[in-house]
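Colleague: Following this line is upload01.txt, made up of compact mmCIF, C-alpha atoms:
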```
# COMPACT_ATOMS: atom_id res chain seq x y z
CA THR A 1107 35.23 -41.49 57.16
CA LEU A 1108 35.78 -39.20 60.14
CA LEU A 1109 34.12 -41.67 62.53
CA TYR A 1110 36.25 -44.53 61.19
CA THR A 1111 39.46 -42.52 61.57
CA ILE A 1112 38.72 -41.62 65.20
CA LYS A 1113 37.85 -45.18 66.23
CA PHE A 1114 40.77 -46.72 64.31
CA GLU A 1115 43.27 -44.52 66.12
CA ASP A 1116 41.80 -45.38 69.50
CA THR A 1117 42.32 -49.13 69.01
CA LYS A 1118 46.08 -48.57 68.75
CA THR A 1119 46.45 -46.38 71.84
CA MET A 1120 44.00 -47.71 74.40
CA ASN A 1121 46.37 -47.29 77.36
CA LYS A 1122 47.16 -43.63 76.71
CA LYS A 1123 45.28 -40.64 78.04
CA ILE A 1124 43.79 -38.63 75.18
CA ILE A 1125 44.62 -34.92 75.16
CA LEU A 1126 42.38 -33.05 72.73
CA ASN A 1127 44.03 -29.83 71.61
CA PHE A 1128 41.76 -27.03 70.39
CA VAL A 1129 43.87 -25.17 67.80
CA GLY A 1130 43.41 -22.20 65.45
CA SER A 1131 41.08 -19.24 65.84
CA LEU A 1132 37.52 -18.21 65.13
CA ASP A 1133 38.56 -14.55 65.52
CA GLU A 1134 40.95 -13.91 62.63
CA GLU A 1135 43.60 -15.46 60.39
CA ARG A 1136 46.50 -13.85 62.27
CA CYS A 1137 45.43 -15.54 65.51
CA LEU A 1138 45.04 -18.88 63.70
CA LEU A 1139 48.60 -18.63 62.37
CA GLN A 1140 49.96 -17.75 65.80
CA SER A 1141 48.19 -20.75 67.30
CA LEU A 1142 49.78 -23.06 64.72
CA VAL A 1143 53.25 -21.65 65.40
CA PHE A 1144 53.04 -22.54 69.09
CA THR A 1145 51.21 -25.86 68.82
CA ARG A 1146 53.51 -27.15 66.07
CA SER A 1147 56.47 -26.58 68.39
CA VAL A 1148 55.24 -29.36 70.71
CA ASN A 1149 57.23 -32.60 70.51
CA VAL A 1150 54.46 -35.11 71.23
CA ASN A 1151 57.02 -37.93 71.59
CA GLU A 1152 58.07 -36.29 74.87
CA PHE A 1153 54.83 -37.41 76.50
CA GLU A 1154 54.78 -41.22 76.38
CA ASP A 1155 51.60 -41.71 78.42
CA TYR A 1156 49.48 -39.32 76.37
CA LEU A 1157 47.99 -39.23 72.88
CA PHE A 1158 47.57 -35.79 71.31
CA LYS A 1159 44.59 -35.17 69.01
CA TYR A 1160 43.49 -31.93 67.39
CA ILE A 1161 40.36 -29.99 66.59
CA MET A 1162 41.15 -27.09 64.25
CA CYS A 1163 38.86 -24.07 64.21
CA TYR A 1164 38.74 -21.44 61.48
CA PRO A 1165 37.57 -17.81 61.22
CA ASP A 1166 34.63 -18.90 59.03
CA GLU A 1167 33.33 -20.83 62.09
CA THR A 1168 34.07 -24.26 60.67
CA PHE A 1169 36.09 -27.03 62.32
CA SER A 1170 38.11 -30.08 61.36
CA TYR A 1171 39.42 -33.12 63.20
CA VAL A 1172 43.05 -33.84 62.25
CA PRO A 1173 45.67 -36.36 63.44
CA ASN A 1174 48.50 -33.83 62.98
CA LEU A 1175 49.05 -30.20 62.01
CA ASN A 1176 50.99 -30.62 58.76
CA ASP A 1177 50.01 -28.23 55.96
CA ASP A 1178 48.91 -31.09 53.68
CA THR A 1179 46.79 -32.66 56.42
CA LEU A 1180 45.05 -29.38 57.14
CA ALA A 1181 44.43 -28.70 53.44
CA GLU A 1182 42.85 -32.13 52.92
CA SER A 1183 40.86 -32.29 56.15
CA GLU A 1184 37.08 -32.52 56.13
CA LYS A 1185 35.47 -29.42 57.60
CA PHE A 1186 32.25 -29.41 59.57
CA THR A 1187 30.01 -26.91 61.34
CA MET A 1188 29.35 -26.17 64.98
CA GLU A 1189 26.30 -28.45 64.96
CA ARG A 1190 28.51 -31.51 64.48
CA LEU A 1191 31.19 -30.48 66.97
CA PRO A 1192 29.64 -32.08 70.09
CA ASN A 1193 29.32 -35.43 68.32
CA VAL A 1194 32.91 -35.31 67.09
CA ILE A 1195 34.14 -34.60 70.61
CA ARG A 1196 31.99 -37.41 71.98
CA GLU A 1197 33.52 -39.90 69.55
CA ILE A 1198 37.05 -38.74 70.40
CA ALA A 1199 36.15 -39.04 74.12
CA PRO A 1200 39.14 -37.04 75.39
CA ASP A 1201 40.38 -37.46 78.92
CA LEU A 1202 41.48 -33.83 78.95
CA MET A 1203 41.44 -30.78 76.70
CA LEU A 1204 44.15 -28.19 76.16
CA MET A 1205 43.25 -24.78 74.75
CA GLN A 1206 45.82 -23.92 72.09
CA ALA A 1207 43.62 -21.53 70.13
CA PHE A 1208 44.16 -17.77 70.00
CA GLY A 1209 41.72 -14.89 70.08
CA PHE A 1210 39.48 -13.22 72.64
CA GLU A 1211 36.20 -14.73 71.40
CA THR A 1212 37.69 -18.17 70.77
CA CYS A 1213 39.32 -18.61 74.16
CA GLY A 1214 36.27 -17.41 76.04
CA LYS A 1215 33.16 -18.43 74.13
CA TYR A 1216 34.31 -21.85 72.98
CA ARG A 1217 35.82 -22.90 76.27
CA ARG A 1218 32.36 -22.32 77.71
CA ILE A 1219 30.79 -24.48 74.99
CA PHE A 1220 33.17 -27.36 75.69
CA GLU A 1221 32.56 -27.09 79.41
CA ASN A 1222 28.83 -27.23 78.82
CA ILE A 1223 29.29 -30.31 76.64
CA GLY A 1224 31.25 -32.12 79.33
CA ASN A 1225 32.69 -30.82 82.58
CA PRO A 1226 34.19 -27.51 83.76
CA SER A 1227 37.26 -29.48 84.85
CA ILE A 1228 37.95 -30.95 81.40
CA PHE A 1229 40.58 -28.29 80.60
CA MET A 1230 44.14 -28.41 81.82
CA GLY A 1231 45.28 -25.12 83.26
CA PRO A 1232 43.57 -22.05 84.70
CA LYS A 1233 39.79 -21.73 84.79
CA THR A 1234 37.79 -20.19 81.95
CA ASP A 1235 36.77 -17.17 84.06
CA LEU A 1236 40.43 -16.35 84.58
CA HIS A 1237 41.12 -16.63 80.85
CA LEU A 1238 38.35 -14.13 80.16
CA ILE A 1239 39.76 -11.74 82.75
CA SER A 1240 43.41 -12.08 81.73
CA ASN A 1241 42.54 -11.60 78.04
CA ASP A 1242 41.15 -8.18 78.91
CA LYS A 1243 43.65 -5.83 80.55
CA ALA A 1244 40.83 -3.59 81.79
CA LEU A 1245 39.19 -6.52 83.56
CA THR A 1246 42.58 -7.59 84.93
CA ARG A 1247 43.08 -4.13 86.42
CA LYS A 1248 39.60 -4.13 87.96
CA ALA A 1249 40.08 -7.65 89.33
CA LEU A 1250 43.36 -6.76 91.01
CA GLU A 1251 41.84 -3.60 92.43
CA SER A 1252 38.94 -5.59 93.88
CA CYS A 1253 41.45 -8.01 95.45
CA GLY A 1254 43.25 -5.13 97.17
CA LEU A 1255 46.22 -5.37 94.81
CA ALA A 1256 45.88 -2.09 92.91
CA SER A 1257 49.52 -1.36 93.76
CA ALA A 1258 50.56 -4.44 91.75
CA MET A 1259 49.84 -2.51 88.55
CA ALA A 1260 51.11 0.86 87.37
CA PRO A 1261 48.82 3.76 88.31
CA GLY A 1262 46.15 4.08 85.66
CA ILE A 1263 42.49 4.29 84.67
CA VAL A 1264 40.03 2.45 82.43
CA VAL A 1265 38.34 4.74 79.88
CA SER A 1266 35.20 4.09 77.83
CA GLU A 1267 33.14 6.28 75.50
CA GLU A 1268 30.95 7.21 78.48
CA ASN A 1269 33.76 8.78 80.54
CA ARG A 1270 36.13 9.77 77.74
CA ASP A 1271 35.49 13.52 78.16
CA CYS A 1272 36.63 13.38 81.79
CA VAL A 1273 40.15 12.54 80.60
CA HIS A 1274 40.67 16.16 79.49
CA ASP A 1275 40.57 17.38 83.08
CA LEU A 1276 42.76 14.72 84.67
CA PRO A 1277 46.39 15.50 85.56
CA PHE A 1278 48.75 13.02 83.89
CA GLN A 1279 52.45 12.56 84.48
CA PHE A 1280 53.93 11.81 81.07
CA PRO A 1281 54.91 9.56 79.45
CA VAL A 1282 51.88 7.29 79.66
CA ILE A 1283 50.83 4.10 77.88
CA VAL A 1284 47.49 3.75 76.08
CA LYS A 1285 46.34 0.15 75.58
CA VAL A 1286 43.50 -1.62 73.80
CA PRO A 1287 42.63 -4.12 76.57
CA THR A 1288 41.64 -7.09 74.40
CA LEU A 1289 44.48 -7.02 71.86
CA GLU A 1290 47.51 -9.27 72.35
CA ASP A 1291 51.25 -9.19 71.68
CA SER A 1292 51.61 -5.42 72.10
CA LYS A 1293 49.04 -4.69 69.40
CA GLY A 1294 47.22 -1.45 70.21
CA VAL A 1295 49.86 -0.29 72.72
CA THR A 1296 51.07 3.31 72.32
CA LYS A 1297 53.58 5.28 74.36
CA CYS A 1298 52.50 8.91 74.62
CA LEU A 1299 54.73 11.83 75.57
CA ASP A 1300 52.06 14.55 75.81
CA LYS A 1301 48.31 14.98 76.25
CA ASP A 1302 47.50 15.75 72.59
CA PHE A 1303 49.16 12.55 71.42
CA MET A 1304 47.50 10.64 74.26
CA LEU A 1305 44.03 11.85 73.24
CA THR A 1306 44.67 10.83 69.64
CA ALA A 1307 45.87 7.38 70.76
CA LEU A 1308 42.84 7.11 73.04
CA ASP A 1309 40.43 7.79 70.17
CA MET A 1310 42.17 5.14 68.06
CA ALA A 1311 42.03 2.67 70.94
CA LEU A 1312 38.30 3.23 71.47
CA GLU A 1313 37.71 2.52 67.77
CA LEU A 1314 39.40 -0.87 68.21
CA GLY A 1315 37.74 -1.83 71.50
CA GLU A 1316 34.97 -0.97 73.92
CA SER A 1317 37.42 0.53 76.41
CA ALA A 1318 41.03 1.62 76.79
CA VAL A 1319 43.57 1.65 79.58
CA ILE A 1320 45.76 4.68 80.30
CA GLU A 1321 48.56 3.97 82.72
CA LYS A 1322 51.78 5.54 83.85
CA PHE A 1323 54.81 4.40 81.86
CA ILE A 1324 57.31 2.68 84.13
CA THR A 1325 60.89 3.49 83.22
CA GLY A 1326 63.03 0.46 83.95
CA LYS A 1327 63.49 -3.22 83.13
CA GLU A 1328 60.96 -5.39 81.30
CA LEU A 1329 60.72 -8.83 82.90
CA ARG A 1330 58.76 -12.03 82.36
CA THR A 1331 58.38 -14.94 84.73
CA GLY A 1332 56.09 -17.87 85.43
CA VAL A 1333 54.52 -19.63 88.37
CA ILE A 1334 53.38 -23.25 88.60
CA GLU A 1335 51.24 -24.84 91.28
CA ASP A 1336 52.04 -28.42 92.30
CA GLU A 1337 49.79 -31.26 93.52
CA ASN A 1338 49.83 -29.90 97.07
CA GLY A 1339 48.96 -26.34 96.06
CA ASP A 1340 52.49 -25.07 96.66
CA LEU A 1341 53.83 -22.44 94.26
CA THR A 1342 57.16 -22.49 92.43
CA LEU A 1343 58.72 -19.40 90.86
CA LEU A 1344 60.18 -20.25 87.46
CA GLY A 1345 62.98 -18.46 85.65
CA ILE A 1346 62.90 -14.68 85.29
CA ILE A 1347 63.68 -13.26 81.85
CA GLU A 1348 65.08 -9.77 81.45
CA TYR A 1349 64.36 -8.57 77.92
CA ASP A 1350 66.86 -6.53 75.95
CA VAL A 1351 64.71 -3.41 75.94
CA GLU A 1352 65.84 0.12 76.68
CA PRO A 1353 64.48 1.40 80.03
CA THR A 1354 62.52 4.09 78.16
CA SER A 1355 61.13 1.74 75.47
CA ILE A 1356 58.50 -0.99 75.21
CA ARG A 1357 58.74 -4.47 73.69
CA ASP A 1358 56.55 -4.20 70.60
CA TYR A 1359 54.96 -6.73 68.22
CA ASP A 1360 57.87 -6.70 65.75
CA MET A 1361 60.21 -7.82 68.54
CA LYS A 1362 58.02 -10.89 69.08
CA PHE A 1363 56.88 -12.01 65.62
CA GLY A 1364 57.91 -11.87 61.97
CA SER A 1365 56.04 -12.92 58.83
CA GLY A 1366 56.66 -14.87 55.64
CA LYS A 1367 55.19 -17.47 53.29
CA ASP A 1368 54.92 -21.24 53.69
CA SER A 1369 55.49 -23.82 50.91
CA THR A 1370 52.00 -23.19 49.50
CA GLY A 1371 52.43 -19.42 49.43
CA ARG A 1372 50.14 -18.92 52.40
CA GLU A 1373 50.98 -16.16 54.88
CA GLN A 1374 52.92 -17.53 57.84
CA ILE A 1375 53.83 -16.01 61.20
CA LYS A 1376 57.23 -16.79 62.69
CA TYR A 1377 57.97 -16.48 66.38
CA HIS A 1378 61.26 -14.79 67.24
CA LEU A 1379 62.66 -17.41 69.59
CA GLY A 1380 66.06 -15.85 70.08
CA SER A 1381 68.30 -16.17 73.11
CA LEU A 1382 66.80 -15.29 76.47
CA GLN A 1383 68.70 -13.56 79.25
CA PHE A 1384 67.69 -15.09 82.57
CA VAL A 1385 68.18 -13.26 85.84
CA ASP A 1386 70.73 -14.99 88.07
CA GLN A 1387 68.49 -15.95 90.98
CA ILE A 1388 71.43 -16.17 93.40
CA LYS A 1389 73.23 -12.96 92.48
CA GLU A 1390 69.96 -11.05 92.06
CA ALA A 1391 68.26 -12.40 95.18
CA LYS A 1392 66.63 -9.06 96.06
CA VAL A 1393 65.11 -8.78 92.58
CA VAL A 1394 63.85 -12.35 92.83
CA GLU A 1395 62.18 -11.74 96.18
CA LYS A 1396 60.39 -8.62 94.93
CA VAL A 1397 59.18 -10.43 91.81
CA LYS A 1398 58.15 -13.47 93.84
CA ASP A 1399 56.17 -11.37 96.31
CA VAL A 1400 54.16 -9.64 93.55
CA VAL A 1401 53.45 -12.68 91.36
CA PHE A 1402 52.68 -15.07 94.23
CA SER A 1403 50.28 -12.53 95.77
CA THR A 1404 48.60 -12.02 92.39
CA PHE A 1405 48.37 -15.77 91.69
CA ARG A 1406 46.65 -16.37 95.03
CA ALA A 1407 44.40 -13.31 94.98
CA MET A 1408 43.15 -14.11 91.45
CA ASP A 1409 42.56 -17.78 92.41
CA ILE A 1410 44.66 -19.03 89.49
CA GLN A 1411 45.30 -22.77 89.21
CA ASP A 1412 48.13 -24.76 87.59
CA TRP A 1413 50.18 -22.06 85.85
CA ALA A 1414 50.50 -18.41 84.86
CA VAL A 1415 53.01 -16.17 83.09
CA PHE A 1416 53.51 -12.58 84.23
CA ASP A 1417 54.83 -9.67 82.17
CA LEU A 1418 56.37 -7.11 84.51
CA ARG A 1419 58.15 -3.78 84.65
CA MET A 1420 60.66 -3.12 87.41
CA ALA A 1421 61.12 0.57 88.10
CA ASP A 1422 64.54 2.07 88.71
CA LYS A 1423 63.72 2.22 92.44
CA GLY A 1424 62.95 -1.52 92.48
CA ASN A 1425 59.14 -1.56 92.58
CA VAL A 1426 57.63 -4.33 90.45
CA TYR A 1427 54.42 -3.86 88.45
CA VAL A 1428 52.27 -6.38 86.57
CA LEU A 1429 51.75 -5.42 82.93
CA GLU A 1430 49.58 -8.42 82.10
CA ILE A 1431 48.87 -12.03 83.01
CA ASN A 1432 49.21 -14.67 80.29
CA LEU A 1433 47.51 -18.04 80.87
CA PHE A 1434 48.30 -19.62 77.49
CA ASN A 1435 50.71 -22.55 77.48
CA CYS A 1436 51.55 -24.98 74.68
CA PHE A 1437 54.19 -27.24 76.32
CA GLY A 1438 56.31 -26.86 73.19
CA GLU A 1439 59.63 -25.29 72.30
CA PHE A 1440 57.96 -21.87 72.05
CA GLY A 1441 55.92 -22.40 75.20
CA LEU A 1442 56.67 -19.83 77.89
CA ILE A 1443 56.11 -22.18 80.81
CA THR A 1444 58.31 -24.79 79.10
CA ARG A 1445 61.29 -22.47 78.77
CA LEU A 1446 60.87 -20.80 82.14
CA ALA A 1447 60.57 -24.16 83.92
CA ARG A 1448 63.55 -25.63 82.10
CA SER A 1449 65.71 -22.72 83.27
CA VAL A 1450 65.21 -23.83 86.90
CA GLY A 1451 65.69 -27.54 86.20
CA ILE A 1452 62.08 -28.66 85.69
CA ALA A 1453 61.70 -30.95 82.66
CA ASN A 1454 58.84 -30.23 80.27
CA SER A 1455 57.56 -33.81 80.43
CA LYS A 1456 57.50 -33.69 84.23
CA CYS A 1457 55.64 -30.38 84.25
CA PHE A 1458 53.07 -31.64 81.72
CA ASP A 1459 52.54 -34.90 83.59
CA MET A 1460 51.98 -33.04 86.86
CA MET A 1461 49.44 -30.68 85.28
CA ALA A 1462 47.61 -33.51 83.51
CA LYS A 1463 47.34 -35.55 86.70
CA LYS A 1464 46.07 -32.52 88.61
CA ALA A 1465 43.36 -31.99 86.00
CA LEU A 1466 42.41 -35.68 86.00
CA ARG A 1467 42.01 -35.56 89.78
CA ARG A 1468 39.73 -32.55 89.46
CA ILE A 1469 37.55 -34.49 87.01
CA LYS A 1470 37.47 -37.51 89.29
CA LYS A 1471 36.46 -35.32 92.20
CA THR A 1472 33.58 -33.71 90.31
CA ASN A 1473 32.45 -36.73 88.26
CA ASN A 1474 33.20 -39.63 90.60
CA GLY A 1475 35.58 -40.98 87.99
CA VAL A 1476 33.17 -40.94 85.03
CA ASN A 1477 34.30 -39.40 81.74
CA ILE A 1478 31.21 -37.33 80.92
CA LEU A 1479 32.30 -36.69 77.34
CA SER A 1480 32.34 -40.41 76.59
CA SER A 1481 29.02 -41.09 78.34
CA LEU A 1482 26.88 -38.21 77.06
CA GLN A 1483 24.38 -39.01 74.35
CA PHE A 1484 24.09 -36.59 71.42
CA HIS A 1485 21.55 -36.52 68.66
CA GLY A 1486 22.69 -36.94 65.07
CA ASP A 1487 25.30 -38.98 63.27
CA ILE A 1488 28.91 -37.86 63.23
CA SER A 1489 29.49 -39.57 59.89
CA ALA A 1490 26.50 -37.92 58.22
```
Could you write out this structure as structure tokens?
Modeller:
Amino acid sequence: TLLYTIKFEDTKTMNKKIILNFVGSLDEERCLLQSLVFTRSVNVNEFEDYLFKYIMCYPDETFSYVPNLNDDTLAESEKFTMERLPNVIREIAPDLMLMQAFGFETCGKYRRIFENIGNPSIFMGPKTDLHLISNDKALTRKALESCGLASAMAPGIVVSEENRDCVHDLPFQFPVIVKVPTLEDSKGVTKCLDKDFMLTALDMALELGESAVIEKFITGKELRTGVIEDENGDLTLLGIIEYDVEPTSIRDYDMKFGSGKDSTGREQIKYHLGSLQFVDQIKEAKVVEKVKDVVFSTFRAMDIQDWAVFDLRMADKGNVYVLEINLFNCFGEFGLITRLARSVGIANSKCFDMMAKKALRRIKKTNNGVNILSSLQFHGDISA
């Protein structure tokens, strides 16, 4: 049945490029729900030259091929194991893949698997290595330090169980922030006003992850912006958001997401879209130049390709610091790149088309025009 469905769809859309979206999470249910929120916000009718298909992944390490992401479709879909996944992908024969899944393990481990099945260039967007680094704030800090850009981040240290005792003797200027490096959306982020509270937060962080980051809290504005790279390698600064956060506060998880139930009673995560306050790039030219200098330097030093979103703090004196680098992008209403690009007059369909064509050229360059996923031979029967 699955084989028939895949081939039947292809006969109707032979002139369109197939974009296979990898959705859900193998990490946990919360990440799966977040992935669905973002991917469901994509209006596929915006992209006339492309056909969107979906592989769902679940925390029990099963998968399903689905034509859409409706609740009923997901509930009725046939699930299969990892052993069948290569054959399913071969039958779909995507031109490109787009990682829409959430979770540290999912975004790292399974991108590698797909690349091994086909080609490292099969994914739109930044390289897998950069996803692994950006998903870990400790690795991000170390990478920027190795690139000579330590000043791009707030002063801080990476702490593990091995060097935890040294923290007692270090002089800290409070307040500080303690972070669990591999958690997302402000999970595991604690603002600490004194050393006792910091040590307690550090112990909690080390229970949740292998390391923790302690960094100086930057009093000031919380900003977010994006950068895209065009066909010629030139960078464009997208809109700059200034969040409605007190200078002495942080933007926490509850400011980003809410929860509820869907029609079946299943837990559902809702993204707080809200209105965004964009910095006037003419009136605030000095702010724009400082932001541009930091994010462009970081983009180049980290060897990022296609796109990136940067969370920033701007201190009262005007210095700009990178809080984290986000490489996820869904090209939907909730997509960060989508909204940031639109604010400077770049249509979502144009941005997507440019990124898809860039990725297709990378494949052509490495494969001499051959779609490896459609030509590889796998053992076993997809319909078994």
Colleague: Using only C-alpha atoms, which of the listed residues (A:Glu1337, A:Glu1430, A:Glu1135, A:Asp1386) sits closest to Asp1459 of chain A?
Modeller: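 With only C-alpha atoms as the atom set, the closest residue is A:Glu1337.
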Colleague: What gap, in Å, lies between atom CA of Met1203 of chain A and atom CA of Arg1217 of chain A?
Modeller: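 Distance between the two atoms: 9.7 Å.
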Colleague: Determine the nearest neighbour of Leu1138 of chain A from the options A:Asn1174, A:Gln1206, A:Gln1411, A:Thr1325, counting only C-alpha atoms.
Modeller: A:Gln1206
Colleague: Hey, which of A:Tyr1427, A:Phe1458, A:Phe1440, A:Tyr1160 ends up closest to Trp1413 of chain A? Count all atoms listed in the file.
Modeller: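 Using all atoms listed in the file, the shortest distance to Trp1413 of chain A belongs to A:Phe1458.
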Colleague: Excluding same-chain residues fewer than 6 positions from Met1310 of chain A, what lies within 12 Å of it counting only C-alpha atoms, as JSON, numbers by chain?
Modeller: {"A": [1267, 1284, 1285, 1286, 1294, 1295, 1296, 1303, 1304, 1316, 1317, 1318]}
Colleague: Residues at most 10 Å from segment 1250-1254 of chain A, counting all atoms listed in the file, excluding those fewer than 2 positions away in the same chain, as a ChimeraX atom specification?
Modeller: /A:1245-1248,1256-1259,1403-1404,1406-1408,1428
Colleague: Restricting it to C-alpha atoms, dump the selection as a compact mmCIF listing (two decimals), in the frame of the given file.
Modeller:
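Result went into again-v8.txt, see below:
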```
# COMPACT_ATOMS: atom_id res chain seq x y z
CA LEU A 1245 39.19 -6.52 83.56
CA THR A 1246 42.58 -7.59 84.93
CA ARG A 1247 43.08 -4.13 86.42
CA LYS A 1248 39.60 -4.13 87.96
CA ALA A 1256 45.88 -2.09 92.91
CA SER A 1257 49.52 -1.36 93.76
CA ALA A 1258 50.56 -4.44 91.75
CA MET A 1259 49.84 -2.51 88.55
CA SER A 1403 50.28 -12.53 95.77
CA THR A 1404 48.60 -12.02 92.39
CA ARG A 1406 46.65 -16.37 95.03
CA ALA A 1407 44.40 -13.31 94.98
CA MET A 1408 43.15 -14.11 91.45
CA VAL A 1428 52.27 -6.38 86.57
```
Colleague: To one decimal in Å, tell me the separation between atom CA of Thr1342 of chain A and atom CA of Tyr1156 of chain A.
Modeller: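 These two atoms are separated by 24.5 Å.
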Colleague: Just how far from atom CA of Ile1324 of chain A is atom CA of Asp1309 of chain A, in Å to one decimal?
Modeller: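 Going from atom CA of Asp1309 of chain A over to atom CA of Ile1324 of chain A, I get 22.5 Å.
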Colleague: My list of candidates is A:Gly1345, A:Gly1451, A:Pro1277, A:Gly1326. Which is closest to Met1420 of chain A when distances are computed with only C-alpha atoms?
Modeller: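 The shortest atom-to-atom distance to Met1420 of chain A comes from A:Gly1326.
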Colleague: Taking all atoms listed in the file into account, name the residue in A:Val1393, A:Leu1299, A:Met1162, A:Ile1388 that is nearest to Thr1354 of chain A.
Modeller: A:Leu1299
Colleague: Excluding Phe1153 of chain A and its own-chain neighbours fewer than 4 positions away, which residues fall within 10 Å of it when counting all atoms listed in the file? Please give them as a count of residues only.
Modeller: 10
Colleague: Just checking: using only C-alpha atoms, which residue out of A:Arg1136, A:Lys1123, A:Arg1146, A:Lys1301 ends up closest to Pro1165 of chain A?
Modeller: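 Nearest to Pro1165 of chain A: A:Arg1136.
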Colleague: Just want the 12 Å neighbourhood of Lys1215 of chain A, counted on only C-alpha atoms, with same-chain residues fewer than 6 positions away dropped. Output as a list in words.
Modeller: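 Using only C-alpha atoms, the neighbours found are Ser1131, Leu1132, Asp1133, Met1205, Ala1207, Phe1208, Gly1209, Glu1221, Asn1222, Thr1234, Asp1235, His1237 and Leu1238 of chain A.
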Colleague: Please identify all polymer residues within 10 Å of Arg1448 of chain A, counting all atoms listed in the file, omitting same-chain residues fewer than 4 positions from it, and present them as number ranges by chain.
Modeller: A: 1344-1345, 1442-1444, 1452-1454, 1457
Colleague: Tell me which residues come within 8 Å of (40.5, -30.9, 67.7), as a ChimeraX atom specification, counting only C-alpha atoms in the file's coordinates.
Modeller: /A:1126-1129,1159-1163,1169-1172,1195
Colleague: Take the residues from that selection and put them in a file with C-alpha atoms, as a CSV table (one decimal), keeping the file's coordinate frame.
Modeller:
```csv
chain,number,residue,atom,x,y,z
A,1126,LEU,CA,42.4,-33.0,72.7
A,1127,ASN,CA,44.0,-29.8,71.6
A,1128,PHE,CA,41.8,-27.0,70.4
A,1129,VAL,CA,43.9,-25.2,67.8
A,1159,LYS,CA,44.6,-35.2,69.0
A,1160,TYR,CA,43.5,-31.9,67.4
A,1161,ILE,CA,40.4,-30.0,66.6
A,1162,MET,CA,41.2,-27.1,64.2
A,1163,CYS,CA,38.9,-24.1,64.2
A,1169,PHE,CA,36.1,-27.0,62.3
A,1170,SER,CA,38.1,-30.1,61.4
A,1171,TYR,CA,39.4,-33.1,63.2
A,1172,VAL,CA,43.0,-33.8,62.2
A,1195,ILE,CA,34.1,-34.6,70.6
```
Colleague: Need a file for segment 1253-1294 of chain A from that block: C-alpha atoms, written as a CSV table (one decimal), in the first residue's frame.
Modeller:
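And here is the file that came out, out18.csv:
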```
chain,number,residue,atom,x,y,z
A,1253,CYS,CA,37.5,31.3,15.4
A,1254,GLY,CA,38.8,34.3,17.4
A,1255,LEU,CA,35.3,35.6,18.1
A,1256,ALA,CA,35.2,35.0,21.9
A,1257,SER,CA,34.1,38.7,22.2
A,1258,ALA,CA,30.9,37.9,20.2
A,1259,MET,CA,29.5,36.1,23.3
A,1260,ALA,CA,29.1,37.3,26.8
A,1261,PRO,CA,32.0,36.5,29.1
A,1262,GLY,CA,31.5,33.0,30.4
A,1263,ILE,CA,32.8,29.4,31.0
A,1264,VAL,CA,31.8,25.9,30.2
A,1265,VAL,CA,31.5,23.7,33.3
A,1266,SER,CA,31.4,19.9,33.5
A,1267,GLU,CA,31.5,17.4,36.4
A,1268,GLU,CA,35.3,17.3,36.1
A,1269,ASN,CA,35.9,21.0,36.7
A,1270,ARG,CA,32.8,21.8,38.7
A,1271,ASP,CA,34.8,22.2,42.0
A,1272,CYS,CA,36.9,25.0,40.4
A,1273,VAL,CA,33.8,27.2,40.2
A,1274,HIS,CA,33.9,27.8,43.9
A,1275,ASP,CA,37.1,29.8,43.6
A,1276,LEU,CA,36.2,31.9,40.6
A,1277,PRO,CA,35.2,35.5,40.9
A,1278,PHE,CA,31.8,36.2,39.4
A,1279,GLN,CA,30.1,39.5,38.7
A,1280,PHE,CA,26.4,38.8,39.4
A,1281,PRO,CA,23.9,38.4,38.0
A,1282,VAL,CA,24.9,35.5,35.8
A,1283,ILE,CA,23.0,33.0,33.6
A,1284,VAL,CA,23.3,29.3,34.0
A,1285,LYS,CA,22.4,27.3,30.9
A,1286,VAL,CA,21.9,23.6,29.9
A,1287,PRO,CA,23.7,23.7,26.5
A,1288,THR,CA,21.5,21.2,24.7
A,1289,LEU,CA,18.1,22.4,25.8
A,1290,GLU,CA,16.0,24.7,23.5
A,1291,ASP,CA,13.5,27.5,23.9
A,1292,SER,CA,14.9,28.8,27.2
A,1293,LYS,CA,14.5,25.4,28.9
A,1294,GLY,CA,17.2,25.0,31.6
```
